[in-house]
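Input: a single structure, listed below in structure tokens.
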Amino acid sequence: MTTPQEFRCEICGIITNHPMHWFIIQCGDASLTVLRWKTEVANAPGARHFCGEAHAQIYISRWFDAACSPPKPDFLRPTGS
Ligand SMILES: [Zn+2]
């Protein structure tokens, strides 16, 4: 038996020894990957830990904001003739 590890949610800061229904996100400049919980994945370098879908989504929203700013004002492009 291995000793239980502690993981902390990056959004709310809750700490758990039993990350049931937690998610892992691997985030880079070019991509963001959501992974189901697996201890070896959770211990990988750069892995981020979230206590549930809601908090994983908060992180993803922040990543979208950072990745897509400044926004491209494409909607001003004239349509029709
Ligand atoms: Zn949380």
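As shown in the structure tokens, the chain order sets the letters A, B, ...; within each chain, residues go from 1, and ligands are also counted from 1 in the order they appear.
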
Open item on the list: From a backbone DSSP assignment, name each residue in segment 4-78 of chain A labelled alpha helix (DSSP H), as a PyMOL selection string.
Closed with: chain A and resi 39-42+53-67

Long-range neighbours of segment 26-29 of chain A as a PyMOL selection string, 12 Å cut-off, only C-alpha atoms, 2 positions minimum in chain
chain A and resi 23-24+31-37+41-50+56+59-60+62-64+66-68

If you keep N, CA and C atoms, can you produce a file of those selected residues as an mmCIF file, in the first residue's frame?
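Result written to again-v1.cif:
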data_model
loop_
_atom_site.group_PDB
_atom_site.id
_atom_site.type_symbol
_atom_site.label_atom_id
_atom_site.label_comp_id
_atom_site.auth_asym_id
_atom_site.auth_seq_id
_atom_site.Cartn_x
_atom_site.Cartn_y
_atom_site.Cartn_z
ATOM 1 N N PHE A 23 -10.395 16.178 -11.464
ATOM 2 C CA PHE A 23 -9.889 16.186 -12.824
ATOM 3 C C PHE A 23 -8.487 16.768 -12.851
ATOM 4 N N ILE A 24 -7.768 16.385 -13.890
ATOM 5 C CA ILE A 24 -6.405 16.875 -14.094
ATOM 6 C C ILE A 24 -6.405 17.669 -15.398
ATOM 7 N N SER A 31 -2.116 24.325 -26.211
ATOM 8 C CA SER A 31 -3.183 23.357 -26.010
ATOM 9 C C SER A 31 -3.486 23.217 -24.533
ATOM 10 N N LEU A 32 -4.710 22.731 -24.285
ATOM 11 C CA LEU A 32 -5.131 22.435 -22.921
ATOM 12 C C LEU A 32 -5.804 21.074 -22.962
ATOM 13 N N THR A 33 -5.403 20.192 -22.078
ATOM 14 C CA THR A 33 -5.914 18.828 -22.091
ATOM 15 C C THR A 33 -6.545 18.518 -20.746
ATOM 16 N N VAL A 34 -7.785 18.035 -20.775
ATOM 17 C CA VAL A 34 -8.467 17.594 -19.559
ATOM 18 C C VAL A 34 -8.327 16.078 -19.470
ATOM 19 N N LEU A 35 -7.905 15.609 -18.306
ATOM 20 C CA LEU A 35 -7.660 14.181 -18.130
ATOM 21 C C LEU A 35 -8.439 13.646 -16.943
ATOM 22 N N ARG A 36 -8.904 12.412 -17.053
ATOM 23 C CA ARG A 36 -9.506 11.766 -15.905
ATOM 24 C C ARG A 36 -8.432 11.484 -14.861
ATOM 25 N N TRP A 37 -8.874 11.424 -13.602
ATOM 26 C CA TRP A 37 -7.918 11.296 -12.511
ATOM 27 C C TRP A 37 -7.189 9.968 -12.566
ATOM 28 N N VAL A 41 -0.747 10.337 -13.554
ATOM 29 C CA VAL A 41 -0.975 11.546 -14.352
ATOM 30 C C VAL A 41 -0.982 12.774 -13.442
ATOM 31 N N ALA A 42 -1.607 12.612 -12.282
ATOM 32 C CA ALA A 42 -1.686 13.729 -11.333
ATOM 33 C C ALA A 42 -0.307 14.159 -10.847
ATOM 34 N N ASN A 43 0.638 13.228 -10.815
ATOM 35 C CA ASN A 43 1.981 13.535 -10.345
ATOM 36 C C ASN A 43 2.916 13.981 -11.460
ATOM 37 N N ALA A 44 2.410 14.007 -12.695
ATOM 38 C CA ALA A 44 3.257 14.431 -13.802
ATOM 39 C C ALA A 44 3.586 15.915 -13.672
ATOM 40 N N PRO A 45 4.750 16.334 -14.166
ATOM 41 C CA PRO A 45 5.107 17.758 -14.103
ATOM 42 C C PRO A 45 4.112 18.606 -14.887
ATOM 43 N N GLY A 46 3.671 19.713 -14.303
ATOM 44 C CA GLY A 46 2.748 20.601 -14.986
ATOM 45 C C GLY A 46 1.293 20.219 -14.827
ATOM 46 N N ALA A 47 0.990 19.106 -14.168
ATOM 47 C CA ALA A 47 -0.400 18.709 -13.974
ATOM 48 C C ALA A 47 -1.069 19.638 -12.967
ATOM 49 N N ARG A 48 -2.308 20.027 -13.283
ATOM 50 C CA ARG A 48 -3.087 20.879 -12.383
ATOM 51 C C ARG A 48 -4.302 20.096 -11.925
ATOM 52 N N HIS A 49 -4.698 20.338 -10.694
ATOM 53 C CA HIS A 49 -5.710 19.487 -10.063
ATOM 54 C C HIS A 49 -6.951 20.306 -9.717
ATOM 55 N N PHE A 50 -8.131 19.713 -9.988
ATOM 56 C CA PHE A 50 -9.394 20.415 -9.739
ATOM 57 C C PHE A 50 -10.382 19.469 -9.097
ATOM 58 N N ALA A 56 -12.799 22.830 -12.834
ATOM 59 C CA ALA A 56 -12.016 22.635 -14.053
ATOM 60 C C ALA A 56 -12.477 23.622 -15.126
ATOM 61 N N TYR A 59 -11.072 27.097 -14.694
ATOM 62 C CA TYR A 59 -9.705 27.189 -15.181
ATOM 63 C C TYR A 59 -9.671 27.264 -16.706
ATOM 64 N N ILE A 60 -10.514 26.444 -17.346
ATOM 65 C CA ILE A 60 -10.552 26.448 -18.810
ATOM 66 C C ILE A 60 -10.991 27.817 -19.323
ATOM 67 N N ARG A 62 -10.522 30.698 -17.921
ATOM 68 C CA ARG A 62 -9.388 31.615 -17.783
ATOM 69 C C ARG A 62 -8.375 31.384 -18.895
ATOM 70 N N TRP A 63 -8.184 30.126 -19.236
ATOM 71 C CA TRP A 63 -7.214 29.810 -20.300
ATOM 72 C C TRP A 63 -7.701 30.368 -21.637
ATOM 73 N N PHE A 64 -9.011 30.232 -21.904
ATOM 74 C CA PHE A 64 -9.560 30.821 -23.129
ATOM 75 C C PHE A 64 -9.301 32.325 -23.162
ATOM 76 N N ALA A 66 -6.996 34.055 -21.708
ATOM 77 C CA ALA A 66 -5.591 34.377 -21.899
ATOM 78 C C ALA A 66 -5.135 34.046 -23.310
ATOM 79 N N ALA A 67 -5.644 32.923 -23.847
ATOM 80 C CA ALA A 67 -5.185 32.455 -25.146
ATOM 81 C C ALA A 67 -5.731 33.321 -26.279
ATOM 82 N N CYS A 68 -6.878 33.939 -26.052
ATOM 83 C CA CYS A 68 -7.559 34.623 -27.145
ATOM 84 C C CYS A 68 -7.506 36.135 -27.019
#

Check: In chain A, what's strand (DSSP E) per DSSP? Answer as a PyMOL selection string?
Finding: chain A and resi 7-8+15-16+23-27+32-36+47-50

Surrounding residues as a list in words, ligand 1, max 9 Å, only C-alpha atoms and all ligand atoms:
Arg8, Cys9, Glu10, Ile11, Cys12, Gly13, Ile14, Ile15, Trp22, His49, Phe50, Cys51, Gly52, Glu53, Ala54, His55 and Ala56 of chain A
